[in-house]
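Heads up: the structure comes next, in structure tokens.
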Amino acid sequence: MTKLGAPQAEASSQGRNWVMTQHWDDLLFAHWPIDPMALAAVLPDGLDVDLCQGSAWLGVVPFRMDRIQLRGLPTVPGFRRFPELNLRTYVRDALTGTPGVYFFSLDAANPVAVLIARGFFQLPYHWARMQMQPVGEREFRFTSSRLLSRRPVQFSARYRGLGPSRKLAESRPGSLEYFLTERYCLFTQDPLGRLLRATIRHIPWTLEEADAEIVCNDLAAAAGLQLPAEKPLLYYSRHLAVYVWQAEFVAAAIPGAAVPAAG
């Protein structure tokens, strides 16, 4: 099955309840254009590369996770606030054309959160030693070093938001910034390689222009990808509240399975 497909109709919502709510704070979106064929070679079956401006895109996103709450359960001490870092790209379900995010890796400073996310959502989380230090107004120093890893996987950057701009305030469908940020489902695989999809809901992102100095970035290489030798496209966002639905099998992966809700 080709992994460079054209958009198709999205699946309809199934009306299920969310299972987790969380807040994402002080995010940097750093994105690089990447060869679609190179990306397609490392995607799981059932996903097509999603293109914008003739390119696939690979994103690195450091931020702070906050106010995590599982539906119907009491708050777990020490579970509510910690740094996180992810490597992501943009895909479509080959069966329905539903657009979403595919995570190659997610690093987090909280081992309990890593275990829950791996077990409950089947996401490729890794425990890492991380620090996110404010060094000014909307400015942060972020470092990460993956633990229990066969090879060093490190990330180090200093970034800051430059304030709102009219261009980003008027972001609309069809723009590159909309393509890279307004994604309302995620895809992942279970240990048997079966494709799953989970819905996420939030209000539209409030984006700012950003500046960043990325000193070290091993994430792409650890996923078998190579970043181009050019500066990334940068955005910053202050805060967003997110609701997450339980991951479900995609129909293409298991014959007869229900297609989960799309964003």
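Letters for chains follow the order of the structure tokens (A, B, ...), residue numbers begin at 1 for each chain, and ligand numbers begin at 1 in the order shown.
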Which stretch 95-129 of chain A residues have any atom within 12 Å of an atom of stretch 45-60 of chain A, and for each, what is the nearest pair of atoms with distance in Å to one decimal, counting only C-alpha atoms, rows sorted by chain and number, as JSON lines?
{"residue": "A:Leu95", "atom": "CA", "partner": "A:Gly46", "partner_atom": "CA", "distance": 7.2}
{"residue": "A:Thr96", "atom": "CA", "partner": "A:Gly46", "partner_atom": "CA", "distance": 10.0}
{"residue": "A:Gly97", "atom": "CA", "partner": "A:Asp48", "partner_atom": "CA", "distance": 8.4}
{"residue": "A:Thr98", "atom": "CA", "partner": "A:Leu47", "partner_atom": "CA", "distance": 9.7}
{"residue": "A:Pro99", "atom": "CA", "partner": "A:Asp50", "partner_atom": "CA", "distance": 7.5}
{"residue": "A:Gly100", "atom": "CA", "partner": "A:Asp50", "partner_atom": "CA", "distance": 8.8}
{"residue": "A:Val101", "atom": "CA", "partner": "A:Asp50", "partner_atom": "CA", "distance": 9.6}
{"residue": "A:Tyr102", "atom": "CA", "partner": "A:Leu47", "partner_atom": "CA", "distance": 8.9}
{"residue": "A:Phe103", "atom": "CA", "partner": "A:Gly59", "partner_atom": "CA", "distance": 9.5}
{"residue": "A:Phe104", "atom": "CA", "partner": "A:Leu58", "partner_atom": "CA", "distance": 9.8}
{"residue": "A:Ser105", "atom": "CA", "partner": "A:Val60", "partner_atom": "CA", "distance": 9.8}
{"residue": "A:Leu106", "atom": "CA", "partner": "A:Val60", "partner_atom": "CA", "distance": 9.8}
{"residue": "A:Asp107", "atom": "CA", "partner": "A:Val60", "partner_atom": "CA", "distance": 11.1}
Enumerate as a CSV table (one decimal) with C-alpha atoms, in the first residue's frame all residues of stretch 99-263 of chain A assigned to strand (DSSP E or B) by DSSP on the backbone, naming them with the chain letters and numbers the document uses.
chain,number,residue,atom,x,y,z
A,99,PRO,CA,-5.3,13.6,9.2
A,100,GLY,CA,-3.3,13.2,12.4
A,101,VAL,CA,0.0,13.1,14.2
A,102,TYR,CA,2.4,10.1,14.3
A,103,PHE,CA,4.9,10.1,17.1
A,104,PHE,CA,8.2,8.5,16.6
A,105,SER,CA,9.1,9.1,20.2
A,106,LEU,CA,8.0,10.9,23.3
A,107,ASP,CA,10.4,11.6,26.2
A,108,ALA,CA,9.1,12.5,29.6
A,125,TYR,CA,7.3,7.0,25.6
A,126,HIS,CA,10.8,7.0,27.1
A,127,TRP,CA,12.0,8.0,30.5
A,128,ALA,CA,14.5,10.9,30.4
A,129,ARG,CA,16.4,13.2,32.7
A,130,MET,CA,15.0,16.6,31.8
A,131,GLN,CA,15.1,20.2,32.8
A,132,MET,CA,13.0,23.1,31.6
A,133,GLN,CA,14.2,26.4,33.2
A,134,PRO,CA,12.7,29.8,32.6
A,135,VAL,CA,15.4,32.3,31.8
A,136,GLY,CA,13.2,35.3,30.8
A,139,GLU,CA,12.1,32.2,27.3
A,140,PHE,CA,13.3,28.8,28.4
A,141,ARG,CA,16.4,26.5,28.5
A,142,PHE,CA,15.4,22.9,27.8
A,143,THR,CA,17.6,19.8,28.2
A,144,SER,CA,16.8,16.1,27.9
A,145,SER,CA,18.9,12.9,28.1
A,146,ARG,CA,17.1,9.6,27.6
A,154,GLN,CA,20.0,14.0,23.9
A,155,PHE,CA,18.3,17.3,23.2
A,156,SER,CA,19.4,20.8,24.3
A,157,ALA,CA,17.9,24.1,23.2
A,158,ARG,CA,17.1,27.6,24.4
A,159,TYR,CA,14.0,29.2,22.9
A,160,ARG,CA,11.7,32.1,23.4
A,161,GLY,CA,8.3,33.4,22.1
A,185,CYS,CA,-6.1,12.7,16.3
A,186,LEU,CA,-2.9,10.7,16.9
A,187,PHE,CA,-1.8,7.4,15.5
A,188,THR,CA,0.3,4.7,17.2
A,189,GLN,CA,1.0,1.0,17.2
A,195,LEU,CA,-2.4,0.5,14.1
A,196,LEU,CA,-4.4,2.5,16.6
A,197,ARG,CA,-5.9,6.0,16.6
A,198,ALA,CA,-6.9,8.3,19.4
A,199,THR,CA,-9.0,11.5,19.2
A,200,ILE,CA,-7.7,14.7,20.8
A,201,ARG,CA,-9.7,17.9,21.3
A,208,GLU,CA,3.7,33.3,18.2
A,209,GLU,CA,6.8,33.7,16.1
A,210,ALA,CA,9.8,32.2,18.0
A,211,ASP,CA,13.5,32.2,18.2
A,212,ALA,CA,15.6,29.2,19.2
A,213,GLU,CA,19.2,27.9,19.5
A,214,ILE,CA,19.2,24.1,19.2
A,215,VAL,CA,22.5,23.0,20.5
A,216,CYS,CA,22.0,19.2,20.4
A,217,ASN,CA,19.2,17.1,18.8
A,233,LEU,CA,10.5,26.8,11.1
A,234,LEU,CA,9.7,28.0,14.6
A,235,TYR,CA,6.5,28.7,16.5
A,236,TYR,CA,5.8,29.2,20.2
A,237,SER,CA,2.6,28.8,22.2
A,238,ARG,CA,2.0,29.7,25.8
A,239,HIS,CA,-0.8,27.3,26.9
A,240,LEU,CA,-3.4,24.9,25.7
A,241,ALA,CA,-5.9,22.6,27.4
A,242,VAL,CA,-6.4,19.2,25.8
A,243,TYR,CA,-8.8,16.3,26.1
A,244,VAL,CA,-7.8,12.8,25.0
A,248,GLU,CA,-8.7,2.2,19.4
A,249,PHE,CA,-7.8,-0.1,16.6
Nearest to A:Gly163, restricted to only C-alpha atoms and choosing among A:Thr206, A:Ser149, A:Thr89, A:Gln22, comes out as A:Thr206
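Atom CA of A:Leu227 is found 13.7 Å from atom CA of A:Met37.
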For a test of reading the model, state the distance in Å between atom CA of A:Val112 and atom CA of A:Pro152, rounded to one decimal. 21.7 Å
